[in-house]
Amino acid sequence: MNFIKNNLANAITLGNLFSGCVGAVHLILGDYQTTAICIILSLVLDFFDGFVARALKANSNLGTQLDSLADMVSFGLIPGLTIFVSLLEVENSNSLNFIDYGYLLLKEQRWISYFGFIITLFSCLRLAIFNLDEDQKYYFKGLNTPSNTILIFGLYLAHKESSAFSFLFENESYLLILTAISSWLLISPIKMIAMKFKSMKLQDNYPKVALLIGAILILIIFKTVGIPLVIIYYILISIIFQKQLK
């Protein structure tokens, strides 16, 4: 029983990693809807591994390292791969498949697509900084990798589902600018709201309440298009409440 207790959280973390791997493969295959499901599953597992570890008092250095390594795939590789795929798909309204991507890379030499993985590099840097920064207990410094993944893949999903944000996905320059902004946000000094509570007093949690209510309203009004808008709102609310995040 002790073995299960001590390793249940780690098993959940590995489930996050497995889901991220599957999501990455399906994104390359052009099956972005399955990737969306995998990202949701990874987000749920990423939340519950920490919850289970705390509930069972099974926190460990191994768990901390596994969590970052799993996040590196689910929330580091996938957003970079999303930009990579998007740069290959510029001027193509439909999702391509693995063979199409290979043709574009080898025959048309669309090497600029590799710049999408800059987000992956900065995600790795962001996770390393987070692991070493003991101040980020009740807030994040810079955009956390799950939120960045929701922003990048959310834009891509909204574009595929409803042709929203076409100005981004039909222009290489705009995609590269998005890559640069995303990469900077990951390691920026901006304090971001974390859903961790020092107390249950309402006045201590105004930023979280504003974030939660606003996010729900955005999703109700805009539906799929609202997914990346929630992250943009999250960034703006975090900036407004900078002085209260400590």
# chains A, B, ... in the order shown; residues from 1 in each chain; ligands from 1
$ select_by_dssp --residues "stretch 38-145 of chain A" --states "alpha helix (DSSP H)" --output "ChimeraX atom specification"
/A:38-55,61-72,78-89,98-106,118-132,145
$ residues_around --residues "stretch 164-168 of chain A" --least-positions-apart "3" --cutoff "12 Å" --atoms "only C-alpha atoms" --output "number ranges by chain"
A: 83, 86-87, 89-93, 152, 154-161, 171-179, 222-229
$ residues_around --residues "stretch 104-121 of chain A" --least-positions-apart "6" --cutoff "6 Å" --atoms "only C-alpha atoms" --output "ChimeraX atom specification"
/A:76-77,80,83-84,87,183
$ residues_around --residues "A:Tyr234" --least-positions-apart "4" --cutoff "9 Å" --atoms "only C-alpha atoms" --output "list in words"
Ser147, Met192, Ile193, Leu211, Gly214, Ala215, Leu229, Val230, Ser238 and Ile239 of chain A
$ closest_residue --among "A:Ser188, A:Ser42, A:Gln136, A:Gln242" --to "A:Cys21" --atoms "only C-alpha atoms"
A:Ser42
$ closest_residue --among "A:Lys208, A:Lys191, A:His26, A:Lys243" --to "A:Asp135" --atoms "only C-alpha atoms"
A:Lys191
$ select_by_dssp --residues "stretch 12-234 of chain A" --states "strand (DSSP E)" --output "PyMOL selection string"
chain A and resi 139-141+191-193
$ write_last_selection --atoms "all heavy atoms" --output "compact mmCIF listing (two decimals), in the first residue's frame"
# COMPACT_ATOMS: atom_id res chain seq x y z
N TYR A 139 1.81 33.06 -6.81
CA TYR A 139 1.67 33.71 -8.11
C TYR A 139 2.73 33.12 -9.04
O TYR A 139 3.68 32.47 -8.60
CB TYR A 139 1.84 35.23 -8.00
CG TYR A 139 3.24 35.67 -7.62
CD1 TYR A 139 4.23 35.88 -8.58
CD2 TYR A 139 3.58 35.90 -6.28
CE1 TYR A 139 5.51 36.28 -8.23
CE2 TYR A 139 4.86 36.30 -5.93
CZ TYR A 139 5.82 36.49 -6.90
OH TYR A 139 7.09 36.88 -6.55
N PHE A 140 2.53 33.32 -10.33
CA PHE A 140 3.52 32.93 -11.32
C PHE A 140 4.28 34.17 -11.80
O PHE A 140 3.70 35.24 -11.88
CB PHE A 140 2.86 32.26 -12.53
CG PHE A 140 2.17 30.96 -12.21
CD1 PHE A 140 0.80 30.84 -12.36
CD2 PHE A 140 2.89 29.85 -11.78
CE1 PHE A 140 0.15 29.64 -12.08
CE2 PHE A 140 2.26 28.65 -11.50
CZ PHE A 140 0.88 28.55 -11.65
N LYS A 141 5.53 33.99 -12.10
CA LYS A 141 6.30 35.06 -12.71
C LYS A 141 6.48 34.69 -14.19
O LYS A 141 7.23 33.79 -14.55
CB LYS A 141 7.66 35.21 -12.03
CG LYS A 141 8.43 36.47 -12.44
CD LYS A 141 9.77 36.54 -11.73
CE LYS A 141 9.60 36.67 -10.23
NZ LYS A 141 10.93 36.72 -9.53
N LYS A 191 3.94 39.42 -13.05
CA LYS A 191 3.33 38.48 -12.11
C LYS A 191 1.97 38.06 -12.64
O LYS A 191 1.17 38.89 -13.08
CB LYS A 191 3.18 39.12 -10.73
CG LYS A 191 4.49 39.42 -10.04
CD LYS A 191 4.26 40.07 -8.68
CE LYS A 191 5.57 40.39 -7.99
NZ LYS A 191 5.33 41.04 -6.67
N MET A 192 1.72 36.77 -12.61
CA MET A 192 0.47 36.20 -13.11
C MET A 192 -0.29 35.51 -11.98
O MET A 192 0.31 34.89 -11.10
CB MET A 192 0.74 35.19 -14.23
CG MET A 192 1.52 35.76 -15.41
SD MET A 192 0.49 36.76 -16.49
CE MET A 192 1.70 37.17 -17.78
N ILE A 193 -1.60 35.62 -12.03
CA ILE A 193 -2.45 35.03 -11.00
C ILE A 193 -2.29 33.51 -10.97
O ILE A 193 -2.32 32.85 -12.01
CB ILE A 193 -3.92 35.38 -11.26
CG1 ILE A 193 -4.12 36.90 -11.22
CG2 ILE A 193 -4.84 34.69 -10.25
CD1 ILE A 193 -5.47 37.35 -11.74
$ closest_atom_pairs --of "stretch 63-154 of chain A" --to "stretch 28-35 of chain A" --cutoff "9 Å" --atoms "only C-alpha atoms" --output "Markdown table"
| residue | atom | partner | partner_atom | distance |
| --- | --- | --- | --- | --- |
| A:Ile78 | CA | A:Thr35 | CA | 8.8 |
| A:Leu81 | CA | A:Ile28 | CA | 8.0 |
| A:Thr82 | CA | A:Ile28 | CA | 8.8 |
| A:Val85 | CA | A:Ile28 | CA | 7.3 |
| A:Ser95 | CA | A:Gly30 | CA | 5.4 |
| A:Leu96 | CA | A:Gly30 | CA | 5.4 |
| A:Asn97 | CA | A:Leu29 | CA | 4.8 |
| A:Phe98 | CA | A:Leu29 | CA | 5.0 |
| A:Ile99 | CA | A:Leu29 | CA | 8.5 |
| A:Tyr101 | CA | A:Ile28 | CA | 8.0 |
$ residues_around --residues "A:Thr145" --least-positions-apart "2" --cutoff "7 Å" --atoms "only C-alpha atoms" --output "ChimeraX atom specification"
/A:75-76,123,143,147-149
$ write_last_selection --atoms "all heavy atoms" --output "mmCIF file, in the first residue's frame"
data_model
loop_
_atom_site.group_PDB
_atom_site.id
_atom_site.type_symbol
_atom_site.label_atom_id
_atom_site.label_comp_id
_atom_site.auth_asym_id
_atom_site.auth_seq_id
_atom_site.Cartn_x
_atom_site.Cartn_y
_atom_site.Cartn_z
ATOM 1 N N PHE A 75 3.092 20.775 -22.587
ATOM 2 C CA PHE A 75 2.915 22.222 -22.640
ATOM 3 C C PHE A 75 4.154 22.964 -23.135
ATOM 4 O O PHE A 75 4.229 24.186 -23.024
ATOM 5 C CB PHE A 75 2.525 22.737 -21.245
ATOM 6 C CG PHE A 75 1.392 21.962 -20.632
ATOM 7 C CD1 PHE A 75 1.531 21.367 -19.379
ATOM 8 C CD2 PHE A 75 0.190 21.802 -21.302
ATOM 9 C CE1 PHE A 75 0.491 20.637 -18.807
ATOM 10 C CE2 PHE A 75 -0.856 21.072 -20.746
ATOM 11 C CZ PHE A 75 -0.709 20.495 -19.500
ATOM 12 N N GLY A 76 5.106 22.223 -23.688
ATOM 13 C CA GLY A 76 6.292 22.840 -24.269
ATOM 14 C C GLY A 76 6.435 22.464 -25.732
ATOM 15 O O GLY A 76 6.560 23.320 -26.605
ATOM 16 N N SER A 123 9.832 27.492 -23.296
ATOM 17 C CA SER A 123 9.041 26.737 -22.326
ATOM 18 C C SER A 123 9.966 25.948 -21.399
ATOM 19 O O SER A 123 9.750 25.884 -20.181
ATOM 20 C CB SER A 123 8.093 25.771 -23.046
ATOM 21 O OG SER A 123 7.140 26.465 -23.814
ATOM 22 N N LEU A 143 4.152 33.915 -17.923
ATOM 23 C CA LEU A 143 3.004 33.070 -18.275
ATOM 24 C C LEU A 143 3.375 31.606 -18.094
ATOM 25 O O LEU A 143 4.382 31.135 -18.630
ATOM 26 C CB LEU A 143 2.600 33.339 -19.724
ATOM 27 C CG LEU A 143 1.303 32.693 -20.218
ATOM 28 C CD1 LEU A 143 0.102 33.217 -19.437
ATOM 29 C CD2 LEU A 143 1.116 32.958 -21.706
ATOM 30 N N SER A 147 -0.986 27.657 -19.607
ATOM 31 C CA SER A 147 -1.732 28.796 -20.144
ATOM 32 C C SER A 147 -1.216 29.190 -21.523
ATOM 33 O O SER A 147 -1.997 29.537 -22.416
ATOM 34 C CB SER A 147 -1.623 30.003 -19.196
ATOM 35 O OG SER A 147 -2.281 29.746 -17.976
ATOM 36 N N ASN A 148 0.094 29.120 -21.702
ATOM 37 C CA ASN A 148 0.665 29.440 -23.012
ATOM 38 C C ASN A 148 0.203 28.437 -24.071
ATOM 39 O O ASN A 148 -0.082 28.811 -25.214
ATOM 40 C CB ASN A 148 2.192 29.443 -22.931
ATOM 41 C CG ASN A 148 2.831 29.952 -24.197
ATOM 42 O OD1 ASN A 148 2.598 31.074 -24.626
ATOM 43 N ND2 ASN A 148 3.650 29.115 -24.823
ATOM 44 N N THR A 149 0.101 27.180 -23.686
ATOM 45 C CA THR A 149 -0.383 26.154 -24.607
ATOM 46 C C THR A 149 -1.837 26.404 -24.987
ATOM 47 O O THR A 149 -2.224 26.270 -26.155
ATOM 48 C CB THR A 149 -0.245 24.753 -23.975
ATOM 49 O OG1 THR A 149 1.138 24.521 -23.681
ATOM 50 C CG2 THR A 149 -0.751 23.670 -24.915
#
$ closest_residue --among "A:Phe153, A:Tyr233, A:Phe169, A:Phe122" --to "A:Ile37" --atoms "only C-alpha atoms"
A:Phe153
$ residues_around --residues "stretch 52-56 of chain A" --least-positions-apart "3" --cutoff "9 Å" --atoms "only C-alpha atoms" --output "MDAnalysis selection string"
chainID A and resid 5:10 12 47:49 59:60 63
$ write_last_selection --atoms "C-alpha atoms" --output "compact mmCIF listing (two decimals), in the first residue's frame"
# COMPACT_ATOMS: atom_id res chain seq x y z
CA LYS A 5 0.54 5.82 -1.94
CA ASN A 6 4.05 7.08 -2.72
CA ASN A 7 3.77 6.63 -6.48
CA LEU A 8 0.14 7.33 -7.37
CA ALA A 9 0.85 11.01 -8.05
CA ASN A 10 3.86 10.07 -10.18
CA ILE A 12 -0.76 10.51 -12.85
CA PHE A 47 -3.81 19.50 -11.75
CA PHE A 48 -4.56 16.23 -10.03
CA ASP A 49 -1.00 14.97 -9.67
CA ASN A 59 5.44 15.08 -2.21
CA SER A 60 8.95 14.23 -3.38
CA GLY A 63 7.63 14.05 -8.38
$ atom_distance --atom1 "atom CA of A:Ser182" --atom2 "atom CA of A:Ile129"
16.2 Å
$ residues_around --residues "A:Asn144" --least-positions-apart "6" --cutoff "9 Å" --atoms "only C-alpha atoms" --output "number ranges by chain"
A: 123, 126-127, 185-187, 192
$ closest_residue --among "A:Ile235, A:Leu212, A:Asp67, A:Ser162" --to "A:Phe130" --atoms "only C-alpha atoms"
A:Asp67
